[in-house]
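Asks: Can you read through this structure? Questions will come right after.
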Amino acid sequence: MASLISFSLLPKPKAVRSSISAPQTQTINTEKLEDKFGRKGIKFSESNNIPMVELKVRNGSSLKLSLSDAHVLSYKPKVYWKDEGFEEVLYTVDGDESRGGVGVVIVNGEEPKGGSSVISGCEWSVKDTDSDAIDALQIELSCTAGVLDITYIVSLYPVSMATALVVKNNGRKPVTLKPGIMSYLRFKKRSGAGIQGLKGCSYCPNPPLSSPFELLSPSEAMKAESSGWFGSEEGEKPGIWAVEDSVITLLEKKMSRIYGAPPAERLKAVYNTPPSKFETIDQGRGLFFRMIRIGFEEMYVGSPGSMWDKFGKQHYFVCTGPTSMLVPVDLASGETWRGAMVIEHDNL
């Protein structure tokens with residue numbers, strides 16, 4: 001296993017025809033996993049019959065990961081100096097399958113209208129764990145989807161968490177992928193949600209990648225909001241490029257955008273790339289979190305607007321994360337692609 005996240009994650013991408021098998025039922029024995037991979041700060045257990053692993057570093061910051069679907073369900077960093085100074089960052093909805101949180105999605109790039117994630121229903125297994133004096137913890141999961149070997153590395157530090165995706169094409173032909181790591185972030189109030197750091201960046205209204213953990217489907221995300229006395233619909237026009245001109249992008253209204261260079265621009269020898277990071281602003285809690293992309297070409301930002309109370313919760317949520325959607329990743333036979341996302345803060 002690679003040393004505790006060293007993100008040398010930028011090999012040059014190159015094409016998915018994926019022939020993934022039907023979902024299979026897998027029994028994960030958490031007791032055996034605890035014996036083999038458990039260590040201080042890393043604990044395997046079951047919660048409501050769901051195999052889980054909890055990572056907890058020295059300052060009490062913690063992360064919970066569902067092992068069967070590689071789904072991060074909780075991230076509670078220490079954000080205040082007081083003893084109980086922990087706040088949940090992620091927005092999740094419980095049900096037959098938990099939704100929200102942080103999840104990885106890989107869509108077949110050869111399907112013009114998208115499609116479901118090719119790793120939906122795949123069997124994930126624990127490959128390794130690592131730690132560094134309880135100040136850095138890491139778990140490595142792996143699965144196979146058709147010709148793809150996929151590794152997913154989740155790491156926890158005192159003031160950050162990271163997820164890294166490694167995909168290898170073991171097939172004889174090139175494949176095309178649209179990967180993404182989507183995070184559903186919790187905000188105290190709709191009126192106090194925003195993002196800082198995207199001014200000057202090009203963006204285009206676009207639906208998100210479809211995934212089993214989505215809170216709004218691609219069509220729901222793009223549906224315009226009704227406003228005014230006569231219920232007129234207002235919203236951004238899909239496919240129309242614009243440039244962010246606000247220092248702080250307010251997330252109170254409904255939106256579904258890809259921030260990145262337009263595909264035509266990327267054909268040029270020199271073009272403006274999107275920022276590698278931006279900050280989310282939660283005025284209700286007075287908290288800021290920095291979202292960092294590595295290896296991906298774009299950032300998705302989606303807010304539910306008036307659909308925020310669809311799940312009857314008190315908190316607002318925003319979906320965001322790095323993706324390569326408008327210009328998919330091409331992987332030649334035997335080639336490997338890497339990408340990562342980091343959520344960090346300096347609220348302390």
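As shown in the structure tokens, the chain order sets the letters A, B, ...; within each chain, residues go from 1, and ligands are also counted from 1 in the order they appear.
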Could you give me the residues within region 164-217 of chain A that DSSP places in strand (DSSP E or B), as a PyMOL selection string?
Replies: chain A and resi 164-169+175-187+193-196+202-205
Asks: What lies within 10 Å of Val327 (chain A) using only C-alpha atoms, ignoring chain neighbours under 6 positions off, as a count of residues only?
Replies: 11
Asks: For CA of Ala136 (chain A) and CA of Val72 (chain A), quote the distance in Å rounded to one decimal.
Replies: 16.9 Å
Asks: Please provide as a VMD selection string all residues within 8 Å of region 312-316 of chain A, with the sequence filter that same-chain residues fewer than 5 positions apart are discarded (counting only C-alpha atoms).
Replies: chain A and resid 186 to 190
Asks: Go ahead and save the residues from that selection, with N, CA, C and O atoms, as a PDB file, in the first residue's frame.
Replies:
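Final output, saved to selection.pdb:
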```pdb
ATOM      1  N   ARG A 186     -23.683  19.726   4.588  1.00  0.00           N
ATOM      2  CA  ARG A 186     -24.761  20.256   5.412  1.00  0.00           C
ATOM      3  C   ARG A 186     -24.521  21.737   5.720  1.00  0.00           C
ATOM      4  O   ARG A 186     -23.413  22.142   6.045  1.00  0.00           O
ATOM      5  N   PHE A 187     -25.589  22.531   5.607  1.00  0.00           N
ATOM      6  CA  PHE A 187     -25.565  23.946   5.976  1.00  0.00           C
ATOM      7  C   PHE A 187     -26.706  24.191   6.962  1.00  0.00           C
ATOM      8  O   PHE A 187     -27.772  23.593   6.846  1.00  0.00           O
ATOM      9  N   LYS A 188     -26.477  25.085   7.906  1.00  0.00           N
ATOM     10  CA  LYS A 188     -27.497  25.325   8.921  1.00  0.00           C
ATOM     11  C   LYS A 188     -28.747  25.968   8.334  1.00  0.00           C
ATOM     12  O   LYS A 188     -29.874  25.606   8.668  1.00  0.00           O
ATOM     13  N   LYS A 189     -28.529  26.951   7.432  1.00  0.00           N
ATOM     14  CA  LYS A 189     -29.666  27.666   6.851  1.00  0.00           C
ATOM     15  C   LYS A 189     -29.472  27.855   5.346  1.00  0.00           C
ATOM     16  O   LYS A 189     -28.340  27.976   4.866  1.00  0.00           O
ATOM     17  N   ARG A 190     -30.581  27.891   4.647  1.00  0.00           N
ATOM     18  CA  ARG A 190     -30.538  28.129   3.202  1.00  0.00           C
ATOM     19  C   ARG A 190     -29.964  29.500   2.883  1.00  0.00           C
ATOM     20  O   ARG A 190     -29.186  29.662   1.934  1.00  0.00           O
TER      21      ARG A 190
END
```
Asks: Kindly indicate which residue among A:Tyr300, A:Trp308, A:Trp81, A:Phe288 lies nearest to Glu220 (chain A), using only C-alpha atoms for the distances.
Replies: A:Trp308
Asks: Find the spatial neighbours of region 253-259 of chain A, counting only C-alpha atoms, within a cut-off of 10 Å - ignore same-chain residues fewer than 6 positions away - and output them as an mmCIF file with N, CA, C and O atoms, in the first residue's frame.
Replies:
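Result file follows (around.cif):
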```cif
data_model
loop_
_atom_site.group_PDB
_atom_site.id
_atom_site.type_symbol
_atom_site.label_atom_id
_atom_site.label_comp_id
_atom_site.auth_asym_id
_atom_site.auth_seq_id
_atom_site.Cartn_x
_atom_site.Cartn_y
_atom_site.Cartn_z
ATOM 1 N N ARG A 190 -30.581 27.891 4.647
ATOM 2 C CA ARG A 190 -30.538 28.129 3.202
ATOM 3 C C ARG A 190 -29.964 29.500 2.883
ATOM 4 O O ARG A 190 -29.186 29.662 1.934
ATOM 5 N N SER A 191 -30.340 30.497 3.679
ATOM 6 C CA SER A 191 -29.945 31.873 3.386
ATOM 7 C C SER A 191 -28.476 32.148 3.655
ATOM 8 O O SER A 191 -27.940 33.154 3.203
ATOM 9 N N ALA A 193 -25.832 30.033 2.894
ATOM 10 C CA ALA A 193 -24.951 29.104 2.179
ATOM 11 C C ALA A 193 -24.295 29.793 0.990
ATOM 12 O O ALA A 193 -24.953 30.495 0.218
ATOM 13 N N LEU A 198 -14.521 31.110 -6.778
ATOM 14 C CA LEU A 198 -14.798 30.733 -8.164
ATOM 15 C C LEU A 198 -14.926 31.945 -9.087
ATOM 16 O O LEU A 198 -15.248 31.787 -10.268
ATOM 17 N N CYS A 201 -14.226 32.143 -13.081
ATOM 18 C CA CYS A 201 -14.232 30.787 -13.636
ATOM 19 C C CYS A 201 -15.445 30.599 -14.557
ATOM 20 O O CYS A 201 -16.550 31.035 -14.249
ATOM 21 N N SER A 202 -15.238 29.945 -15.675
ATOM 22 C CA SER A 202 -16.336 29.633 -16.595
ATOM 23 C C SER A 202 -17.205 28.536 -16.007
ATOM 24 O O SER A 202 -16.718 27.632 -15.312
ATOM 25 N N TYR A 203 -18.509 28.605 -16.291
ATOM 26 C CA TYR A 203 -19.410 27.557 -15.836
ATOM 27 C C TYR A 203 -20.532 27.350 -16.843
ATOM 28 O O TYR A 203 -20.822 28.216 -17.675
ATOM 29 N N CYS A 204 -21.143 26.184 -16.753
ATOM 30 C CA CYS A 204 -22.226 25.819 -17.658
ATOM 31 C C CYS A 204 -23.273 25.040 -16.874
ATOM 32 O O CYS A 204 -22.927 24.079 -16.174
ATOM 33 N N PRO A 205 -24.564 25.423 -16.926
ATOM 34 C CA PRO A 205 -25.604 24.623 -16.277
ATOM 35 C C PRO A 205 -25.599 23.208 -16.843
ATOM 36 O O PRO A 205 -25.592 23.016 -18.068
ATOM 37 N N ASN A 206 -25.558 22.213 -15.965
ATOM 38 C CA ASN A 206 -25.439 20.827 -16.402
ATOM 39 C C ASN A 206 -25.930 19.903 -15.294
ATOM 40 O O ASN A 206 -25.704 20.181 -14.117
ATOM 41 N N PRO A 207 -26.611 18.811 -15.640
ATOM 42 C CA PRO A 207 -27.045 17.875 -14.594
ATOM 43 C C PRO A 207 -25.861 17.138 -13.983
ATOM 44 O O PRO A 207 -24.819 16.984 -14.629
ATOM 45 N N PRO A 208 -26.000 16.671 -12.747
ATOM 46 C CA PRO A 208 -24.922 15.887 -12.125
ATOM 47 C C PRO A 208 -24.896 14.474 -12.689
ATOM 48 O O PRO A 208 -25.832 14.039 -13.370
ATOM 49 N N PRO A 218 -30.711 13.697 -11.775
ATOM 50 C CA PRO A 218 -30.266 14.690 -12.757
ATOM 51 C C PRO A 218 -31.403 15.559 -13.292
ATOM 52 O O PRO A 218 -31.238 16.765 -13.458
ATOM 53 N N GLU A 220 -34.281 16.247 -11.712
ATOM 54 C CA GLU A 220 -34.721 17.121 -10.618
ATOM 55 C C GLU A 220 -33.745 18.270 -10.414
ATOM 56 O O GLU A 220 -34.146 19.409 -10.146
ATOM 57 N N ALA A 221 -32.458 17.974 -10.528
ATOM 58 C CA ALA A 221 -31.442 19.007 -10.327
ATOM 59 C C ALA A 221 -31.561 20.113 -11.369
ATOM 60 O O ALA A 221 -31.267 21.279 -11.089
ATOM 61 N N MET A 222 -32.003 19.762 -12.580
ATOM 62 C CA MET A 222 -32.094 20.745 -13.663
ATOM 63 C C MET A 222 -33.463 21.409 -13.762
ATOM 64 O O MET A 222 -33.641 22.361 -14.519
ATOM 65 N N LYS A 223 -34.443 20.912 -13.008
ATOM 66 C CA LYS A 223 -35.788 21.478 -13.086
ATOM 67 C C LYS A 223 -35.798 22.897 -12.540
ATOM 68 O O LYS A 223 -35.308 23.160 -11.450
ATOM 69 N N ALA A 224 -36.370 23.820 -13.319
ATOM 70 C CA ALA A 224 -36.409 25.217 -12.904
ATOM 71 C C ALA A 224 -37.361 25.403 -11.734
ATOM 72 O O ALA A 224 -38.340 24.665 -11.584
ATOM 73 N N GLU A 225 -37.058 26.407 -10.899
ATOM 74 C CA GLU A 225 -37.918 26.724 -9.771
ATOM 75 C C GLU A 225 -39.067 27.614 -10.201
ATOM 76 O O GLU A 225 -38.923 28.452 -11.091
ATOM 77 N N GLU A 234 -38.179 30.046 -13.364
ATOM 78 C CA GLU A 234 -36.936 30.734 -13.676
ATOM 79 C C GLU A 234 -35.778 29.780 -13.427
ATOM 80 O O GLU A 234 -35.788 28.968 -12.518
ATOM 81 N N GLY A 235 -34.788 29.872 -14.267
ATOM 82 C CA GLY A 235 -33.640 28.996 -14.100
ATOM 83 C C GLY A 235 -32.619 29.275 -15.192
ATOM 84 O O GLY A 235 -32.870 30.017 -16.139
ATOM 85 N N GLU A 236 -31.441 28.675 -15.051
ATOM 86 C CA GLU A 236 -30.385 28.870 -16.031
ATOM 87 C C GLU A 236 -30.609 27.940 -17.223
ATOM 88 O O GLU A 236 -31.170 26.864 -17.087
ATOM 89 N N PRO A 238 -29.572 25.307 -19.911
ATOM 90 C CA PRO A 238 -28.536 24.282 -20.097
ATOM 91 C C PRO A 238 -27.704 24.568 -21.344
ATOM 92 O O PRO A 238 -28.216 25.019 -22.368
ATOM 93 N N GLY A 239 -26.408 24.304 -21.222
ATOM 94 C CA GLY A 239 -25.528 24.441 -22.372
ATOM 95 C C GLY A 239 -25.031 25.844 -22.653
ATOM 96 O O GLY A 239 -24.243 26.051 -23.578
ATOM 97 N N TRP A 241 -22.760 28.873 -21.682
ATOM 98 C CA TRP A 241 -21.591 29.161 -20.852
ATOM 99 C C TRP A 241 -21.598 30.612 -20.370
ATOM 100 O O TRP A 241 -22.033 31.514 -21.075
ATOM 101 N N ALA A 242 -21.131 30.806 -19.163
ATOM 102 C CA ALA A 242 -21.016 32.132 -18.568
ATOM 103 C C ALA A 242 -19.777 32.146 -17.686
ATOM 104 O O ALA A 242 -19.106 31.120 -17.509
ATOM 105 N N VAL A 243 -19.460 33.313 -17.138
ATOM 106 C CA VAL A 243 -18.306 33.457 -16.254
ATOM 107 C C VAL A 243 -18.801 33.945 -14.898
ATOM 108 O O VAL A 243 -19.602 34.879 -14.817
ATOM 109 N N GLU A 244 -18.354 33.279 -13.829
ATOM 110 C CA GLU A 244 -18.740 33.675 -12.474
ATOM 111 C C GLU A 244 -18.168 35.064 -12.168
ATOM 112 O O GLU A 244 -16.955 35.263 -12.235
ATOM 113 N N THR A 273 -7.539 27.145 -16.623
ATOM 114 C CA THR A 273 -8.109 26.011 -15.891
ATOM 115 C C THR A 273 -8.905 26.541 -14.702
ATOM 116 O O THR A 273 -8.658 27.642 -14.214
ATOM 117 N N PRO A 274 -9.881 25.777 -14.213
ATOM 118 C CA PRO A 274 -10.642 26.223 -13.047
ATOM 119 C C PRO A 274 -9.778 26.190 -11.790
ATOM 120 O O PRO A 274 -8.749 25.503 -11.759
ATOM 121 N N PRO A 275 -10.157 26.920 -10.756
ATOM 122 C CA PRO A 275 -9.392 26.879 -9.507
ATOM 123 C C PRO A 275 -9.312 25.443 -8.970
ATOM 124 O O PRO A 275 -10.251 24.671 -9.122
ATOM 125 N N GLU A 297 -10.830 17.532 -13.930
ATOM 126 C CA GLU A 297 -10.778 18.756 -14.726
ATOM 127 C C GLU A 297 -11.863 19.762 -14.382
ATOM 128 O O GLU A 297 -11.817 20.903 -14.823
ATOM 129 N N GLU A 298 -12.880 19.335 -13.615
ATOM 130 C CA GLU A 298 -14.038 20.196 -13.373
ATOM 131 C C GLU A 298 -14.500 20.090 -11.922
ATOM 132 O O GLU A 298 -14.110 19.163 -11.211
ATOM 133 N N MET A 299 -15.338 21.041 -11.506
ATOM 134 C CA MET A 299 -15.999 20.974 -10.210
ATOM 135 C C MET A 299 -17.500 21.122 -10.431
ATOM 136 O O MET A 299 -17.942 22.030 -11.133
ATOM 137 N N TYR A 300 -18.267 20.223 -9.831
ATOM 138 C CA TYR A 300 -19.726 20.335 -9.897
ATOM 139 C C TYR A 300 -20.228 21.067 -8.651
ATOM 140 O O TYR A 300 -19.733 20.824 -7.540
ATOM 141 N N VAL A 301 -21.207 21.951 -8.831
ATOM 142 C CA VAL A 301 -21.853 22.629 -7.714
ATOM 143 C C VAL A 301 -23.363 22.608 -7.966
ATOM 144 O O VAL A 301 -23.833 23.093 -8.998
ATOM 145 N N GLY A 302 -24.119 22.026 -7.035
ATOM 146 C CA GLY A 302 -25.563 21.972 -7.176
ATOM 147 C C GLY A 302 -26.239 22.311 -5.857
ATOM 148 O O GLY A 302 -25.851 21.804 -4.801
ATOM 149 N N SER A 303 -27.226 23.203 -5.901
ATOM 150 C CA SER A 303 -27.993 23.530 -4.707
ATOM 151 C C SER A 303 -29.478 23.280 -4.991
ATOM 152 O O SER A 303 -29.941 23.500 -6.104
ATOM 153 N N PRO A 304 -30.238 22.831 -3.979
ATOM 154 C CA PRO A 304 -31.622 22.410 -4.210
ATOM 155 C C PRO A 304 -32.640 23.536 -4.228
ATOM 156 O O PRO A 304 -33.784 23.326 -4.640
ATOM 157 N N GLY A 305 -32.253 24.738 -3.772
ATOM 158 C CA GLY A 305 -33.223 25.823 -3.725
ATOM 159 C C GLY A 305 -34.421 25.453 -2.871
ATOM 160 O O GLY A 305 -34.289 24.968 -1.745
ATOM 161 N N SER A 306 -35.619 25.650 -3.415
ATOM 162 C CA SER A 306 -36.845 25.381 -2.659
ATOM 163 C C SER A 306 -37.102 23.890 -2.443
ATOM 164 O O SER A 306 -37.996 23.524 -1.678
ATOM 165 N N MET A 307 -36.311 23.024 -3.091
ATOM 166 C CA MET A 307 -36.485 21.579 -2.897
ATOM 167 C C MET A 307 -35.684 21.069 -1.705
ATOM 168 O O MET A 307 -35.616 19.869 -1.467
ATOM 169 N N TRP A 308 -35.079 21.992 -0.948
ATOM 170 C CA TRP A 308 -34.196 21.585 0.146
ATOM 171 C C TRP A 308 -34.919 20.784 1.228
ATOM 172 O O TRP A 308 -34.329 19.936 1.902
ATOM 173 N N VAL A 318 -25.961 21.112 -0.007
ATOM 174 C CA VAL A 318 -25.384 21.442 -1.299
ATOM 175 C C VAL A 318 -24.583 20.239 -1.766
ATOM 176 O O VAL A 318 -23.902 19.590 -0.964
ATOM 177 N N CYS A 319 -24.680 19.926 -3.052
ATOM 178 C CA CYS A 319 -23.892 18.830 -3.626
ATOM 179 C C CYS A 319 -22.727 19.436 -4.413
ATOM 180 O O CYS A 319 -22.935 20.314 -5.259
ATOM 181 N N THR A 320 -21.527 18.988 -4.138
ATOM 182 C CA THR A 320 -20.366 19.502 -4.857
ATOM 183 C C THR A 320 -19.255 18.458 -4.875
ATOM 184 O O THR A 320 -19.239 17.543 -4.050
ATOM 185 N N GLY A 321 -18.354 18.611 -5.815
ATOM 186 C CA GLY A 321 -17.226 17.690 -5.876
ATOM 187 C C GLY A 321 -16.553 17.721 -7.236
ATOM 188 O O GLY A 321 -17.100 18.223 -8.222
ATOM 189 N N PRO A 322 -15.340 17.178 -7.310
ATOM 190 C CA PRO A 322 -14.591 17.168 -8.565
ATOM 191 C C PRO A 322 -15.130 16.104 -9.516
ATOM 192 O O PRO A 322 -15.586 15.037 -9.090
ATOM 193 N N THR A 323 -15.078 16.400 -10.794
ATOM 194 C CA THR A 323 -15.571 15.468 -11.803
ATOM 195 C C THR A 323 -14.850 15.710 -13.120
ATOM 196 O O THR A 323 -14.205 16.745 -13.313
ATOM 197 N N SER A 324 -14.929 14.749 -14.012
ATOM 198 C CA SER A 324 -14.484 14.924 -15.400
ATOM 199 C C SER A 324 -15.648 14.449 -16.254
ATOM 200 O O SER A 324 -15.694 13.293 -16.687
ATOM 201 N N MET A 325 -16.598 15.344 -16.453
ATOM 202 C CA MET A 325 -17.867 14.988 -17.067
ATOM 203 C C MET A 325 -17.983 15.485 -18.505
ATOM 204 O O MET A 325 -18.333 14.728 -19.413
ATOM 205 N N LEU A 326 -17.695 16.768 -18.731
ATOM 206 C CA LEU A 326 -17.873 17.335 -20.063
ATOM 207 C C LEU A 326 -16.822 16.831 -21.039
ATOM 208 O O LEU A 326 -17.097 16.670 -22.236
#
```
Asks: In Å, how far is it from CA of Ile42 (chain A) to CA of Tyr91 (chain A)?
Replies: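 Answer for the CA of Ile42 (chain A) to CA of Tyr91 (chain A) separation: 22.6 Å.
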Asks: Please list as a list in words every residue within 6 Å of Ile248 (chain A), counting only C-alpha atoms and excluding residues in the same chain fewer than 2 positions away.
Replies: Ile195, Gln196 and Ser246 of chain A
Asks: Which neighbours of Val79 (chain A) fall inside 6 Å, counting only C-alpha atoms, when residues of the same chain fewer than 6 positions from it are skipped, and could you give them as number ranges by chain?
Replies: A: 85-86, 347-348
Asks: Please identify the alpha helix (DSSP H) residues within region 32-255 of chain A (assignment by DSSP from backbone atoms) and present them as a list in words.
Replies: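 Output for region 32-255 of chain A, alpha helix (DSSP H) only: Lys32, Leu33, Glu34, Asp35, Lys36, Phe37, Pro218, Ser219, Glu220, Ala221 and Met222 of chain A.
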Asks: Could you save those same residues with all heavy atoms as a short mmCIF file (atom, residue, chain, number, x, y, z; two decimals), in the first residue's frame?
Replies:
```
data_model
loop_
_atom_site.label_atom_id
_atom_site.label_comp_id
_atom_site.auth_asym_id
_atom_site.auth_seq_id
_atom_site.Cartn_x
_atom_site.Cartn_y
_atom_site.Cartn_z
N LYS A 32 -13.69 -10.50 11.48
CA LYS A 32 -12.45 -10.89 10.83
C LYS A 32 -11.68 -9.66 10.35
O LYS A 32 -10.45 -9.62 10.42
CB LYS A 32 -12.74 -11.82 9.65
CG LYS A 32 -13.21 -13.21 10.06
CD LYS A 32 -13.38 -14.12 8.86
CE LYS A 32 -13.78 -15.53 9.29
NZ LYS A 32 -13.98 -16.43 8.11
N LEU A 33 -12.42 -8.68 9.86
CA LEU A 33 -11.75 -7.45 9.42
C LEU A 33 -11.09 -6.73 10.60
O LEU A 33 -9.99 -6.19 10.47
CB LEU A 33 -12.76 -6.51 8.75
CG LEU A 33 -13.30 -6.94 7.39
CD1 LEU A 33 -14.37 -5.97 6.91
CD2 LEU A 33 -12.17 -7.03 6.36
N GLU A 34 -11.76 -6.74 11.74
CA GLU A 34 -11.20 -6.11 12.93
C GLU A 34 -9.91 -6.80 13.35
O GLU A 34 -8.92 -6.16 13.71
CB GLU A 34 -12.22 -6.13 14.07
CG GLU A 34 -11.75 -5.52 15.37
CD GLU A 34 -11.54 -4.02 15.30
OE1 GLU A 34 -12.09 -3.38 14.40
OE2 GLU A 34 -10.80 -3.50 16.17
N ASP A 35 -9.92 -8.13 13.28
CA ASP A 35 -8.72 -8.90 13.65
C ASP A 35 -7.56 -8.62 12.69
O ASP A 35 -6.41 -8.52 13.11
CB ASP A 35 -9.03 -10.40 13.65
CG ASP A 35 -9.95 -10.80 14.80
OD1 ASP A 35 -10.03 -10.02 15.78
OD2 ASP A 35 -10.58 -11.87 14.72
N LYS A 36 -7.89 -8.51 11.40
CA LYS A 36 -6.83 -8.37 10.40
C LYS A 36 -6.38 -6.93 10.18
O LYS A 36 -5.18 -6.65 10.05
CB LYS A 36 -7.31 -8.96 9.07
CG LYS A 36 -6.24 -8.98 7.98
CD LYS A 36 -6.73 -9.70 6.73
CE LYS A 36 -5.65 -9.77 5.67
NZ LYS A 36 -6.12 -10.47 4.44
N PHE A 37 -7.35 -6.00 10.15
CA PHE A 37 -7.03 -4.63 9.77
C PHE A 37 -7.25 -3.59 10.88
O PHE A 37 -6.85 -2.44 10.73
CB PHE A 37 -7.87 -4.21 8.55
CG PHE A 37 -7.60 -5.02 7.31
CD1 PHE A 37 -8.56 -5.89 6.81
CD2 PHE A 37 -6.39 -4.90 6.64
CE1 PHE A 37 -8.33 -6.62 5.66
CE2 PHE A 37 -6.15 -5.63 5.49
CZ PHE A 37 -7.12 -6.50 5.00
N PRO A 218 -30.71 13.70 -11.77
CA PRO A 218 -30.27 14.69 -12.76
C PRO A 218 -31.40 15.56 -13.29
O PRO A 218 -31.24 16.77 -13.46
CB PRO A 218 -29.64 13.83 -13.86
CG PRO A 218 -29.11 12.63 -13.12
CD PRO A 218 -30.13 12.36 -12.06
N SER A 219 -32.56 14.97 -13.54
CA SER A 219 -33.69 15.76 -14.05
C SER A 219 -34.23 16.70 -12.97
O SER A 219 -34.60 17.84 -13.26
CB SER A 219 -34.80 14.84 -14.55
OG SER A 219 -35.28 14.00 -13.51
N GLU A 220 -34.28 16.25 -11.71
CA GLU A 220 -34.72 17.12 -10.62
C GLU A 220 -33.74 18.27 -10.41
O GLU A 220 -34.15 19.41 -10.15
CB GLU A 220 -34.86 16.33 -9.32
CG GLU A 220 -36.06 15.40 -9.27
CD GLU A 220 -36.09 14.59 -7.99
OE1 GLU A 220 -35.02 14.12 -7.56
OE2 GLU A 220 -37.19 14.42 -7.43
N ALA A 221 -32.46 17.97 -10.53
CA ALA A 221 -31.44 19.01 -10.33
C ALA A 221 -31.56 20.11 -11.37
O ALA A 221 -31.27 21.28 -11.09
CB ALA A 221 -30.04 18.39 -10.37
N MET A 222 -32.00 19.76 -12.58
CA MET A 222 -32.09 20.74 -13.66
C MET A 222 -33.46 21.41 -13.76
O MET A 222 -33.64 22.36 -14.52
CB MET A 222 -31.77 20.07 -15.00
CG MET A 222 -30.32 19.64 -15.13
SD MET A 222 -29.16 21.03 -15.02
CE MET A 222 -29.54 21.91 -16.54
#
```
Asks: Pick out the residues sitting within 12 Å of Asn170 (chain A), and hand them over as a PyMOL selection string; count only C-alpha atoms, and ignore anything fewer than 3 positions along from it in its own chain.
Replies: chain A and resi 15-18+144-150+167+173-175+331-336
Asks: Report, in Å with one decimal, the straight-line distance from CA of Ser131 (chain A) to CA of Arg99 (chain A).
Replies: 28.3 Å
Asks: Hey, which of A:Cys122, A:Ala70, A:Leu209, A:Leu141 ends up closest to Gly180 (chain A)? Count only C-alpha atoms.
Replies: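 Among A:Cys122, A:Ala70, A:Leu209, A:Leu141, it is A:Leu209 that comes nearest to Gly180 (chain A).
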